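Trainee: I have a structure here, written as structure tokens, and I will follow up with some questions on it.
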Amino acid sequence: MKRLKNAKKQYDDIEIPSELQSVVEKSIQEARRKHIKNAPFKQWGIGVAAAASLFIASVNVSPALAQSLSSVPVLGSIVQVVTIQEIKIAEDSYNADLKIPSVTGLDNKELENRLNEKYTAENEALYKDFQKDMEELKEAGGGHLGVASTYEVVTDTEDILSISRYEVNTVGSSSTTMRTDTIDKKNEILITLPSLFKDDAYIEAISTYLKDDMAKQMANDSDKTYWIDDKEGIGFEFEAIRPDQTFSITKDHKLTISFDKYEVAPGYMGVVTFEIPTEVIKSHLISDYYIK
């Protein structure tokens, strides 16, 4: 109950549109402002030890990614997602591999710039933290340190574009976090989880379903473990999703909810994703425009 109360408070702090249609209409107007100019791409300084190898490319894609560019997200035939920078560092036991995505071609330049500035800022923070931790480890006598970031286009339809970014930090063991942006490609707006629902009742509806599904999965598969109780004495059990829990919308217009590594399960489970049956949340949706 405490987790649900906290989730409700977090929800109340989020500005939720009273009507989804008003969000769409507002964003269409923004998209029509053709005079909006691209914000200059944010550059940030990079310094490494002489022995480190550092590679920055204006557009640096692997052969596999280059091959997949024929099917990258597009609005019409213009908008796409590409790697604008790739940073690699290999120095003894210190390794970094950061890939920075960029969305290009949106008419809504305010949205486009906001997304790309966020992706750059995320990787800038990752790099600075890695650099700081690397120097501290060296002063302490050395150790192993690694960080990596990449991205994946998880949904690409005429209506929806979902981009997931993954961050993997390795210090002894590894942790993985995932962030996903879901974009309405036709109206060129960023969709948030609260904006899909009438009120915060979706938090309990989804959380109840997830706990039941986790229990069923564990009953049917001994290799799966979820923290829906504290029998193992870890001091944590899953009670409720966050109001802004990581989510995506599939090509079949289904809602998925994702959790970071260690968020609701042991590390060996990695990032876990659940598809939510529409009947579980149907009465809570503002409309069936996105979720059907």
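Following the order of the structure tokens, chains are lettered A, B, ..., residues in each are numbered from 1, and ligands are numbered from 1.
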Sort by chain and increasing residue number a table of all residues of stretch 163-242 of chain A within 12 Å of stretch 94-105 of chain A, each with its closest pair of atoms and their distance in Å to one decimal, counting only C-alpha atoms, and write it as CSV.

Mentor:
residue,atom,partner,partner_atom,distance
A:Ile163,CA,A:Pro101,CA,9.2
A:Ser164,CA,A:Pro101,CA,10.1
A:Arg165,CA,A:Pro101,CA,8.6
A:Tyr166,CA,A:Lys99,CA,9.8
A:Glu167,CA,A:Leu98,CA,8.8
A:Val168,CA,A:Asp97,CA,9.8
A:Asn169,CA,A:Ala96,CA,9.4
A:Thr170,CA,A:Asn95,CA,9.4
A:Val171,CA,A:Tyr94,CA,10.1
A:Asp181,CA,A:Val103,CA,11.2
A:Ile183,CA,A:Val103,CA,10.8
A:Lys185,CA,A:Gly105,CA,11.2
A:Glu188,CA,A:Gly105,CA,10.9

Trainee: I need the residues from that last selection saved to file as a compact mmCIF listing (two decimals), in the first residue's frame (with all heavy atoms), if you can.

Mentor:
# COMPACT_ATOMS: atom_id res chain seq x y z
N ILE A 163 11.59 4.25 -29.55
CA ILE A 163 13.05 4.13 -29.50
C ILE A 163 13.47 3.81 -28.07
O ILE A 163 13.20 4.59 -27.15
CB ILE A 163 13.74 5.42 -29.94
CG1 ILE A 163 13.18 5.92 -31.28
CG2 ILE A 163 15.25 5.22 -30.04
CD1 ILE A 163 13.59 7.35 -31.60
N SER A 164 14.10 2.66 -27.86
CA SER A 164 14.60 2.30 -26.53
C SER A 164 16.10 2.53 -26.48
O SER A 164 16.83 2.16 -27.40
CB SER A 164 14.30 0.83 -26.21
OG SER A 164 12.92 0.64 -26.01
N ARG A 165 16.57 3.14 -25.39
CA ARG A 165 18.00 3.32 -25.16
C ARG A 165 18.40 2.49 -23.96
O ARG A 165 17.71 2.48 -22.94
CB ARG A 165 18.35 4.78 -24.91
CG ARG A 165 18.27 5.64 -26.16
CD ARG A 165 17.05 6.48 -26.21
NE ARG A 165 16.95 7.34 -25.04
CZ ARG A 165 15.79 7.55 -24.41
NH1 ARG A 165 14.70 6.95 -24.79
NH2 ARG A 165 15.74 8.38 -23.36
N TYR A 166 19.52 1.78 -24.10
CA TYR A 166 20.01 0.89 -23.05
C TYR A 166 21.33 1.41 -22.52
O TYR A 166 22.20 1.82 -23.29
CB TYR A 166 20.19 -0.53 -23.58
CG TYR A 166 18.95 -1.18 -24.10
CD1 TYR A 166 18.56 -0.99 -25.42
CD2 TYR A 166 18.15 -1.98 -23.28
CE1 TYR A 166 17.40 -1.59 -25.92
CE2 TYR A 166 17.00 -2.57 -23.77
CZ TYR A 166 16.63 -2.37 -25.09
OH TYR A 166 15.48 -2.96 -25.58
N GLU A 167 21.48 1.38 -21.19
CA GLU A 167 22.74 1.74 -20.55
C GLU A 167 23.20 0.56 -19.70
O GLU A 167 22.44 0.06 -18.87
CB GLU A 167 22.57 2.96 -19.66
CG GLU A 167 22.16 4.23 -20.41
CD GLU A 167 21.93 5.40 -19.47
OE1 GLU A 167 22.19 5.23 -18.25
OE2 GLU A 167 21.48 6.45 -19.93
N VAL A 168 24.43 0.11 -19.93
CA VAL A 168 24.99 -1.00 -19.17
C VAL A 168 26.23 -0.51 -18.44
O VAL A 168 27.19 -0.03 -19.08
CB VAL A 168 25.36 -2.18 -20.08
CG1 VAL A 168 25.94 -3.33 -19.26
CG2 VAL A 168 24.13 -2.66 -20.87
N ASN A 169 26.21 -0.61 -17.12
CA ASN A 169 27.36 -0.23 -16.31
C ASN A 169 27.95 -1.48 -15.67
O ASN A 169 27.22 -2.30 -15.10
CB ASN A 169 26.95 0.75 -15.22
CG ASN A 169 26.60 2.11 -15.78
OD1 ASN A 169 27.47 2.93 -16.02
ND2 ASN A 169 25.31 2.35 -15.99
N THR A 170 29.26 -1.63 -15.76
CA THR A 170 29.93 -2.81 -15.22
C THR A 170 31.01 -2.41 -14.22
O THR A 170 31.99 -1.77 -14.58
CB THR A 170 30.58 -3.64 -16.35
OG1 THR A 170 29.59 -3.95 -17.33
CG2 THR A 170 31.16 -4.93 -15.79
N VAL A 171 30.78 -2.76 -12.98
CA VAL A 171 31.78 -2.62 -11.92
C VAL A 171 31.62 -3.85 -11.04
O VAL A 171 30.80 -3.88 -10.15
CB VAL A 171 31.58 -1.35 -11.07
CG1 VAL A 171 32.71 -1.24 -10.03
CG2 VAL A 171 31.51 -0.11 -11.92
N ASP A 181 11.24 6.17 -25.65
CA ASP A 181 10.40 7.27 -26.11
C ASP A 181 9.45 6.73 -27.17
O ASP A 181 9.87 6.03 -28.10
CB ASP A 181 11.24 8.40 -26.72
CG ASP A 181 12.00 9.17 -25.66
OD1 ASP A 181 11.44 9.37 -24.57
OD2 ASP A 181 13.13 9.59 -25.93
N ILE A 183 6.64 7.89 -29.94
CA ILE A 183 6.24 9.09 -30.69
C ILE A 183 5.06 8.78 -31.60
O ILE A 183 5.04 7.77 -32.29
CB ILE A 183 7.42 9.60 -31.53
CG1 ILE A 183 8.62 9.92 -30.63
CG2 ILE A 183 7.03 10.83 -32.36
CD1 ILE A 183 9.92 10.05 -31.38
N LYS A 185 3.74 9.40 -34.83
CA LYS A 185 4.41 9.84 -36.05
C LYS A 185 3.54 10.76 -36.91
O LYS A 185 4.05 11.63 -37.61
CB LYS A 185 4.84 8.63 -36.88
CG LYS A 185 5.94 7.80 -36.22
CD LYS A 185 6.14 6.47 -36.90
CE LYS A 185 6.74 6.61 -38.28
NZ LYS A 185 7.09 5.28 -38.86
N GLU A 188 3.12 13.90 -34.58
CA GLU A 188 4.43 14.32 -34.13
C GLU A 188 4.43 14.84 -32.70
O GLU A 188 4.83 15.97 -32.41
CB GLU A 188 5.03 15.34 -35.10
CG GLU A 188 5.23 14.77 -36.49
CD GLU A 188 6.11 15.64 -37.38
OE1 GLU A 188 6.44 16.76 -36.97
OE2 GLU A 188 6.47 15.17 -38.47

Trainee: Could you pull out the strand (DSSP E or B) residues of stretch 165-243 of chain A, going by DSSP on the backbone, and write them as JSON, numbers by chain?

Mentor: {"A": [165, 166, 167, 168, 169, 170, 171, 173, 174, 175, 176, 177, 178, 179, 180, 181, 182, 183, 184, 189, 190, 191, 197]}

Trainee: Pick from A:Glu110, A:Phe197, A:Ala140, A:Val264: nearest to A:Met214, with only C-alpha atoms counted?

Mentor: A:Val264

Trainee: Let me make sure I understand: among A:Lys138, A:Lys128, A:Lys224, A:Lys198, which one has the smallest atom-to-atom distance to A:Val272 if we use only C-alpha atoms?

Mentor: A:Lys224

Trainee: Per DSSP on the backbone, filter stretch 49-215 of chain A down to the residues in helix (DSSP H, G or I) and report them as an MDAnalysis selection string.

Mentor: chainID A and resid 63:71 109:139 194:196 201:215
